[in-house]
$ cat structure17.tsv   # TSV, C-alpha atoms
chain	number	residue	atom	x	y	z
A	23	GLU	CA	190.26	286.02	308.94
A	24	ARG	CA	189.91	289.52	307.49
A	25	LYS	CA	188.64	292.61	309.29
A	26	TRP	CA	187.86	296.00	307.79
A	27	LEU	CA	189.37	298.69	310.01
A	28	ASN	CA	187.48	301.82	310.98
A	29	PRO	CA	187.25	304.58	310.15
A	30	ARG	CA	187.07	303.89	306.45
A	31	THR	CA	188.65	306.56	304.26
A	32	SER	CA	186.74	305.81	301.05
A	33	GLU	CA	184.85	303.02	299.34
A	34	GLY	CA	187.82	302.37	297.03
A	35	GLU	CA	190.62	302.22	299.60
A	36	VAL	CA	189.78	300.58	302.89
A	37	ALA	CA	192.23	299.69	305.64
A	38	ALA	CA	192.03	296.02	306.51
A	39	ALA	CA	193.75	293.53	308.77
A	40	LEU	CA	194.48	289.90	308.02
A	41	TRP	CA	194.92	287.32	310.76
A	42	MET	CA	196.54	283.92	310.35
A	43	ARG	CA	197.10	281.31	313.02
A	44	LEU	CA	200.13	279.14	312.25
A	45	LYS	CA	201.15	275.92	313.92
A	46	GLY	CA	204.82	276.29	314.76
A	47	PRO	CA	207.14	273.52	315.93
A	48	GLU	CA	207.61	272.91	319.63
A	49	PRO	CA	208.53	274.73	321.78
A	50	VAL	CA	207.08	277.68	319.81
A	51	GLY	CA	203.54	276.32	319.40
A	52	VAL	CA	200.76	278.39	317.84
A	53	ILE	CA	201.80	281.73	316.29
A	54	ASP	CA	199.28	284.49	315.57
A	55	VAL	CA	200.30	286.67	312.61
A	56	PHE	CA	198.54	289.92	311.72
A	57	VAL	CA	199.17	292.06	308.63
A	58	SER	CA	197.78	295.52	307.86
A	59	HIS	CA	198.27	298.67	305.81
A	60	LEU	CA	196.60	301.71	307.33
A	61	THR	CA	195.13	304.27	304.94
A	62	GLY	CA	194.19	307.91	304.78
A	63	THR	CA	196.10	311.16	304.59
A	64	ASP	CA	195.18	312.18	308.15
A	65	ALA	CA	197.29	310.89	311.08
A	66	ARG	CA	194.22	311.07	313.34
A	67	VAL	CA	192.38	308.61	311.07
A	68	ARG	CA	195.36	306.24	310.97
A	69	THR	CA	195.57	306.39	314.78
A	70	GLN	CA	191.91	305.35	315.02
A	71	GLN	CA	192.56	302.54	312.54
A	72	ALA	CA	195.56	301.44	314.63
A	73	ALA	CA	193.35	301.36	317.74
A	74	ASP	CA	190.84	299.19	315.83
A	75	LEU	CA	193.71	296.93	314.71
A	76	ALA	CA	194.96	296.66	318.31
A	77	ALA	CA	191.46	295.67	319.48
A	78	PHE	CA	191.29	293.02	316.72
A	79	ILE	CA	194.69	291.63	317.77
A	80	THR	CA	193.63	291.53	321.41
A	81	SER	CA	190.39	289.71	320.56
A	82	LYS	CA	192.02	287.05	318.35
A	83	ARG	CA	195.43	286.35	319.80
A	84	GLY	CA	196.05	283.13	321.63
A	85	THR	CA	198.58	282.40	324.34
A	86	GLY	CA	201.56	281.93	322.00
A	87	PRO	CA	203.76	284.39	320.14
A	88	VAL	CA	202.24	287.25	318.13
A	89	ILE	CA	203.81	288.90	315.08
A	90	VAL	CA	202.33	292.03	313.50
A	91	LEU	CA	203.54	293.39	310.15
A	92	GLY	CA	202.33	296.67	308.77
A	93	ASP	CA	202.66	299.97	307.01
A	94	LEU	CA	201.25	302.38	309.59
A	95	GLY	CA	201.82	305.48	307.46
A	96	ASP	CA	203.40	307.27	310.45
A	97	PRO	CA	206.91	307.35	311.94
A	98	PRO	CA	208.06	305.88	315.26
A	99	GLY	CA	206.89	307.89	318.25
A	100	SER	CA	203.50	308.59	316.66
A	101	ALA	CA	200.12	307.99	318.28
A	102	THR	CA	199.58	305.36	315.59
A	103	GLU	CA	202.56	303.32	316.81
A	104	LYS	CA	201.57	303.93	320.44
A	105	ALA	CA	198.16	302.27	319.89
A	106	LEU	CA	199.97	299.00	319.10
A	107	LEU	CA	202.59	299.39	321.83
A	108	ASP	CA	199.74	299.90	324.32
A	109	ALA	CA	198.35	296.51	323.21
A	110	GLY	CA	201.48	294.86	324.64
A	111	LEU	CA	203.43	294.65	321.39
A	112	HIS	CA	207.10	295.55	320.94
A	113	ASP	CA	208.46	297.46	317.93
A	114	LEU	CA	211.29	295.21	316.77
A	115	LEU	CA	212.94	298.01	314.79
A	116	ALA	CA	212.77	300.56	317.63
A	117	ASN	CA	216.52	300.65	318.17
A	118	SER	CA	217.43	300.81	314.50
A	119	THR	CA	218.01	303.64	312.06
A	120	ILE	CA	216.32	301.73	309.24
A	121	GLY	CA	214.52	303.87	306.67
A	122	THR	CA	211.60	302.37	304.77
A	123	CYS	CA	209.65	305.25	303.26
A	124	CYS	CA	209.02	306.80	300.72
A	125	ARG	CA	210.54	307.01	297.25
A	126	GLU	CA	209.31	309.71	294.88
A	127	SER	CA	209.38	307.13	292.08
A	128	VAL	CA	210.23	303.47	291.63
A	129	VAL	CA	212.08	304.27	288.38
A	130	GLY	CA	215.63	305.67	288.32
A	131	GLU	CA	218.21	306.17	291.05
A	132	GLN	CA	216.57	307.42	294.25
A	133	PRO	CA	218.05	308.77	297.49
A	134	GLN	CA	218.40	306.47	300.49
A	135	LEU	CA	215.22	306.35	302.58
A	136	THR	CA	215.49	307.92	306.02
A	137	VAL	CA	211.92	307.76	307.40
A	138	ARG	CA	210.26	304.61	308.72
A	139	HIS	CA	206.54	303.91	308.29
A	140	ASP	CA	206.83	300.10	308.18
A	141	TYR	CA	206.89	297.95	311.30
A	142	ILE	CA	207.32	294.50	312.71
A	143	PHE	CA	205.85	294.14	316.19
A	144	SER	CA	205.95	291.03	318.35
A	145	SER	CA	204.93	289.71	321.69
A	146	GLY	CA	206.34	286.55	323.24
A	147	TRP	CA	209.07	286.05	320.64
A	148	GLN	CA	212.25	287.99	319.99
A	149	PRO	CA	213.95	287.86	316.59
A	150	ALA	CA	217.51	286.74	316.06
A	151	GLU	CA	217.88	289.40	313.36
A	152	VAL	CA	215.97	292.31	311.78
A	153	GLY	CA	216.67	294.23	308.60
A	154	ILE	CA	215.36	295.47	305.27
A	155	PHE	CA	215.10	294.09	301.76
A	156	ALA	CA	214.43	295.51	298.29
A	157	GLU	CA	216.42	298.65	299.15
A	158	LYS	CA	218.40	298.49	295.91
A	159	PRO	CA	217.03	298.81	292.38
A	160	LYS	CA	217.31	296.14	289.72
A	161	LYS	CA	218.64	297.01	286.28
A	162	LEU	CA	216.34	296.16	283.38
A	163	ASP	CA	217.70	294.96	280.02
A	164	ASP	CA	217.48	298.53	278.68
A	165	GLY	CA	219.55	299.84	281.63
A	166	THR	CA	216.62	301.41	283.51
A	167	LEU	CA	216.82	301.12	287.30
A	168	VAL	CA	213.57	299.94	288.94
A	169	TYR	CA	212.78	299.48	292.63
A	170	ALA	CA	210.30	296.84	293.81
A	171	SER	CA	208.27	299.46	295.72
A	172	ASP	CA	208.28	303.03	296.98
A	173	HIS	CA	209.11	301.43	300.37
A	174	ASN	CA	211.90	299.17	301.54
A	175	GLY	CA	210.64	295.88	302.91
A	176	VAL	CA	211.22	294.95	306.54
A	177	ARG	CA	212.18	291.48	307.69
A	178	ALA	CA	212.83	289.53	310.87
A	179	VAL	CA	214.35	286.12	311.46
A	180	PHE	CA	212.95	284.18	314.42
A	181	SER	CA	214.85	281.23	315.83
A	182	ILE	CA	213.00	278.18	317.00
A	183	GLY	CA	215.36	277.52	319.89
A	184	LEU	CA	214.29	277.52	323.54
A	185	ASN	CA	216.20	280.74	324.25
A	186	ASN	CA	213.75	282.88	322.21
A	187	VAL	CA	210.46	281.68	323.69
A	188	PRO	CA	209.47	282.76	327.20

$ encode --input "structure17.tsv" --output "structure tokens"
Amino acid sequence: ERKWLNPRTSEGEVAAALWMRLKGPEPVGVIDVFVSHLTGTDARVRTQQAADLAAFITSKRGTGPVIVLGDLGDPPGSATEKALLDAGLHDLLANSTIGTCCRESVVGEQPQLTVRHDYIFSSGWQPAEVGIFAEKPKKLDDGTLVYASDHNGVRAVFSIGLNNVP
């Protein structure tokens, strides 16, 4: 299911959330996965969108594990992150120094990223491992270095063993 998040920042760029319910193997059971990218240049607007996302998660989630992936546009400790923490979610990268944002360009050598705007939250399931991907550029045939995005990707590996499910 898709939900447009409010407030909208323009007709052309609208924050949205996607919700998928996956059937996991036992003992995991049903997993609710939410994905979003908040928009707008104003942190206050993104915080309101995060509150709308949190309400959507609360209204749709079942009794099993929840995973939320998103670019919140704000660093850890922000009101935007707090809106999701207050919904009972845990920031899986909270104890890391991972940087995910934001390259000036995707072409050419770029400095290491030191700010994080990208998150993986969960409830009811702890990952065995977290990290980043696409942090290094690929070299094209002409020698040009190109990154996959202006952000590093975030990833988590969840085990299906009994020790990771409450």

$ closest_residue --input "structure17.tsv" --among "A:Leu94, A:Ile142, A:Val52, A:Ala77" --to "Leu115 in chain A" --atoms "only C-alpha atoms"
A:Ile142

$ residues_near_point --input "structure17.tsv" --point "(192.9, 306.3, 307.6)" --cutoff "7 Å" --atoms "all atoms listed in the file" --output "ChimeraX atom specification"
/A:29-31,37,60-64,67-68,71

$ atom_distance --input "structure17.tsv" --atom1 "CA of Lys25 in chain A" --atom2 "CA of Leu40 in chain A"
6.6 Å

$ residues_around --input "structure17.tsv" --residues "Arg43 in chain A" --least-positions-apart "5" --cutoff "10 Å" --atoms "all atoms listed in the file" --output "list in words"
Glu23, Val52, Ile53, Asp54, Val55, Phe56, Lys82, Arg83, Gly84 and Val88 of chain A

$ residues_around --input "structure17.tsv" --residues "range 146-157 of chain A" --least-positions-apart "4" --cutoff "6 Å" --atoms "all atoms listed in the file" --output "mmCIF file with C-alpha atoms, in the frame of the given file"
data_model
loop_
_atom_site.group_PDB
_atom_site.id
_atom_site.type_symbol
_atom_site.label_atom_id
_atom_site.label_comp_id
_atom_site.auth_asym_id
_atom_site.auth_seq_id
_atom_site.Cartn_x
_atom_site.Cartn_y
_atom_site.Cartn_z
ATOM 1 C CA PRO A 87 203.760 284.390 320.140
ATOM 2 C CA ASN A 174 211.900 299.170 301.540
ATOM 3 C CA GLY A 175 210.640 295.880 302.910
ATOM 4 C CA VAL A 176 211.220 294.950 306.540
ATOM 5 C CA ARG A 177 212.180 291.480 307.690
ATOM 6 C CA ALA A 178 212.830 289.530 310.870
ATOM 7 C CA VAL A 179 214.350 286.120 311.460
ATOM 8 C CA PHE A 180 212.950 284.180 314.420
ATOM 9 C CA ASN A 186 213.750 282.880 322.210
ATOM 10 C CA VAL A 187 210.460 281.680 323.690
#

$ atom_distance --input "structure17.tsv" --atom1 "CA of Pro159 in chain A" --atom2 "CA of Ile120 in chain A"
17.1 Å

$ closest_residue --input "structure17.tsv" --among "A:Ile182, A:Leu107, A:Ala170, A:His59" --to "His139 in chain A" --atoms "only C-alpha atoms"
A:His59

$ residues_around --input "structure17.tsv" --residues "Ser100 in chain A" --least-positions-apart "5" --cutoff "9 Å" --atoms "only C-alpha atoms" --output "list in words"
Ala65, Thr69 and Ala105 of chain A

$ closest_residue --input "structure17.tsv" --among "A:Ser127, A:Thr85, A:Ala72, A:Ile79" --to "Thr102 in chain A" --atoms "only C-alpha atoms"
A:Ala72

$ closest_residue --input "structure17.tsv" --among "A:Ser118, A:Asn28, A:Thr166, A:Ser171" --to "Pro98 in chain A" --atoms "only C-alpha atoms"
A:Ser118

$ closest_residue --input "structure17.tsv" --among "A:Ile89, A:Lys104, A:Asp172, A:Gly99" --to "Thr122 in chain A" --atoms "all atoms listed in the file"
A:Asp172

$ axis_aligned_box --input "structure17.tsv" --around "range 42-51 of chain A" --padding-each-side "4 Å" --output "lines of an AutoDock Vina configuration file"
center_x = 202.5
center_y = 278.4
center_z = 316.1
size_x = 20.0
size_y = 19.0
size_z = 19.4

$ atom_distance --input "structure17.tsv" --atom1 "CA of Tyr141 in chain A" --atom2 "CA of Glu103 in chain A"
8.8 Å

$ decode --input "structure17.tsv" --residues "range 108-130 of chain A" --atoms "N, CA, C and O atoms" --output "PDB file, in the first residue's frame"
ATOM      1  N   ASP A 108       9.666   7.509  18.869  1.00  0.00           N
ATOM      2  CA  ASP A 108       8.493   7.591  19.738  1.00  0.00           C
ATOM      3  C   ASP A 108       7.401   6.597  19.330  1.00  0.00           C
ATOM      4  O   ASP A 108       6.504   6.303  20.122  1.00  0.00           O
ATOM      5  N   ALA A 109       7.472   6.085  18.107  1.00  0.00           N
ATOM      6  CA  ALA A 109       6.513   5.074  17.638  1.00  0.00           C
ATOM      7  C   ALA A 109       6.960   3.665  18.033  1.00  0.00           C
ATOM      8  O   ALA A 109       6.383   2.672  17.583  1.00  0.00           O
ATOM      9  N   GLY A 110       8.000   3.560  18.857  1.00  0.00           N
ATOM     10  CA  GLY A 110       8.454   2.264  19.340  1.00  0.00           C
ATOM     11  C   GLY A 110       9.480   1.595  18.449  1.00  0.00           C
ATOM     12  O   GLY A 110       9.759   0.407  18.609  1.00  0.00           O
ATOM     13  N   LEU A 111      10.069   2.358  17.533  1.00  0.00           N
ATOM     14  CA  LEU A 111      11.084   1.807  16.639  1.00  0.00           C
ATOM     15  C   LEU A 111      12.474   2.081  17.199  1.00  0.00           C
ATOM     16  O   LEU A 111      12.666   3.017  17.981  1.00  0.00           O
ATOM     17  N   HIS A 112      13.445   1.264  16.782  1.00  0.00           N
ATOM     18  CA  HIS A 112      14.828   1.414  17.224  1.00  0.00           C
ATOM     19  C   HIS A 112      15.706   1.711  16.019  1.00  0.00           C
ATOM     20  O   HIS A 112      15.617   1.028  14.998  1.00  0.00           O
ATOM     21  N   ASP A 113      16.547   2.733  16.142  1.00  0.00           N
ATOM     22  CA  ASP A 113      17.497   3.102  15.085  1.00  0.00           C
ATOM     23  C   ASP A 113      18.645   2.101  15.128  1.00  0.00           C
ATOM     24  O   ASP A 113      19.451   2.111  16.052  1.00  0.00           O
ATOM     25  N   LEU A 114      18.713   1.246  14.125  1.00  0.00           N
ATOM     26  CA  LEU A 114      19.711   0.174  14.125  1.00  0.00           C
ATOM     27  C   LEU A 114      21.133   0.671  13.919  1.00  0.00           C
ATOM     28  O   LEU A 114      22.084  -0.053  14.193  1.00  0.00           O
ATOM     29  N   LEU A 115      21.286   1.897  13.439  1.00  0.00           N
ATOM     30  CA  LEU A 115      22.619   2.449  13.212  1.00  0.00           C
ATOM     31  C   LEU A 115      23.014   3.451  14.302  1.00  0.00           C
ATOM     32  O   LEU A 115      24.011   4.151  14.175  1.00  0.00           O
ATOM     33  N   ALA A 116      22.233   3.514  15.376  1.00  0.00           N
ATOM     34  CA  ALA A 116      22.438   4.515  16.423  1.00  0.00           C
ATOM     35  C   ALA A 116      23.829   4.488  17.026  1.00  0.00           C
ATOM     36  O   ALA A 116      24.379   5.533  17.367  1.00  0.00           O
ATOM     37  N   ASN A 117      24.411   3.323  17.162  1.00  0.00           N
ATOM     38  CA  ASN A 117      25.727   3.213  17.793  1.00  0.00           C
ATOM     39  C   ASN A 117      26.868   3.158  16.795  1.00  0.00           C
ATOM     40  O   ASN A 117      27.971   2.763  17.138  1.00  0.00           O
ATOM     41  N   SER A 118      26.602   3.563  15.569  1.00  0.00           N
ATOM     42  CA  SER A 118      27.640   3.515  14.541  1.00  0.00           C
ATOM     43  C   SER A 118      28.112   4.921  14.186  1.00  0.00           C
ATOM     44  O   SER A 118      27.479   5.907  14.546  1.00  0.00           O
ATOM     45  N   THR A 119      29.209   4.981  13.484  1.00  0.00           N
ATOM     46  CA  THR A 119      29.715   6.259  12.962  1.00  0.00           C
ATOM     47  C   THR A 119      29.555   6.307  11.445  1.00  0.00           C
ATOM     48  O   THR A 119      30.255   7.052  10.765  1.00  0.00           O
ATOM     49  N   ILE A 120      28.632   5.524  10.934  1.00  0.00           N
ATOM     50  CA  ILE A 120      28.394   5.434   9.490  1.00  0.00           C
ATOM     51  C   ILE A 120      27.934   6.779   8.939  1.00  0.00           C
ATOM     52  O   ILE A 120      27.036   7.413   9.483  1.00  0.00           O
ATOM     53  N   GLY A 121      28.561   7.192   7.840  1.00  0.00           N
ATOM     54  CA  GLY A 121      28.132   8.386   7.115  1.00  0.00           C
ATOM     55  C   GLY A 121      27.422   7.969   5.837  1.00  0.00           C
ATOM     56  O   GLY A 121      27.873   7.066   5.138  1.00  0.00           O
ATOM     57  N   THR A 122      26.310   8.620   5.538  1.00  0.00           N
ATOM     58  CA  THR A 122      25.556   8.257   4.333  1.00  0.00           C
ATOM     59  C   THR A 122      25.265   9.440   3.413  1.00  0.00           C
ATOM     60  O   THR A 122      24.763   9.254   2.317  1.00  0.00           O
ATOM     61  N   CYS A 123      25.538  10.646   3.840  1.00  0.00           N
ATOM     62  CA  CYS A 123      25.084  11.805   3.084  1.00  0.00           C
ATOM     63  C   CYS A 123      26.136  12.896   3.087  1.00  0.00           C
ATOM     64  O   CYS A 123      26.842  13.052   4.064  1.00  0.00           O
ATOM     65  N   CYS A 124      26.246  13.674   2.196  1.00  0.00           N
ATOM     66  CA  CYS A 124      25.703  13.788   0.858  1.00  0.00           C
ATOM     67  C   CYS A 124      26.846  14.249  -0.052  1.00  0.00           C
ATOM     68  O   CYS A 124      27.491  15.238   0.252  1.00  0.00           O
ATOM     69  N   ARG A 125      27.069  13.537  -1.113  1.00  0.00           N
ATOM     70  CA  ARG A 125      28.132  13.901  -2.053  1.00  0.00           C
ATOM     71  C   ARG A 125      27.737  15.133  -2.852  1.00  0.00           C
ATOM     72  O   ARG A 125      26.587  15.292  -3.229  1.00  0.00           O
ATOM     73  N   GLU A 126      28.720  15.971  -3.134  1.00  0.00           N
ATOM     74  CA  GLU A 126      28.495  17.140  -3.994  1.00  0.00           C
ATOM     75  C   GLU A 126      28.151  16.711  -5.412  1.00  0.00           C
ATOM     76  O   GLU A 126      27.383  17.349  -6.102  1.00  0.00           O
ATOM     77  N   SER A 127      28.761  15.594  -5.843  1.00  0.00           N
ATOM     78  CA  SER A 127      28.567  15.076  -7.198  1.00  0.00           C
ATOM     79  C   SER A 127      28.724  13.564  -7.150  1.00  0.00           C
ATOM     80  O   SER A 127      29.354  13.026  -6.248  1.00  0.00           O
ATOM     81  N   VAL A 128      28.154  12.887  -8.133  1.00  0.00           N
ATOM     82  CA  VAL A 128      28.358  11.443  -8.234  1.00  0.00           C
ATOM     83  C   VAL A 128      29.502  11.117  -9.190  1.00  0.00           C
ATOM     84  O   VAL A 128      29.832   9.961  -9.388  1.00  0.00           O
ATOM     85  N   VAL A 129      30.108  12.148  -9.774  1.00  0.00           N
ATOM     86  CA  VAL A 129      31.200  11.960 -10.730  1.00  0.00           C
ATOM     87  C   VAL A 129      32.500  12.454 -10.113  1.00  0.00           C
ATOM     88  O   VAL A 129      32.563  13.549  -9.550  1.00  0.00           O
ATOM     89  N   GLY A 130      33.560  11.637 -10.207  1.00  0.00           N
ATOM     90  CA  GLY A 130      34.874  12.020  -9.693  1.00  0.00           C
ATOM     91  C   GLY A 130      35.039  11.613  -8.245  1.00  0.00           C
ATOM     92  O   GLY A 130      34.076  11.314  -7.542  1.00  0.00           O
TER      93      GLY A 130
END
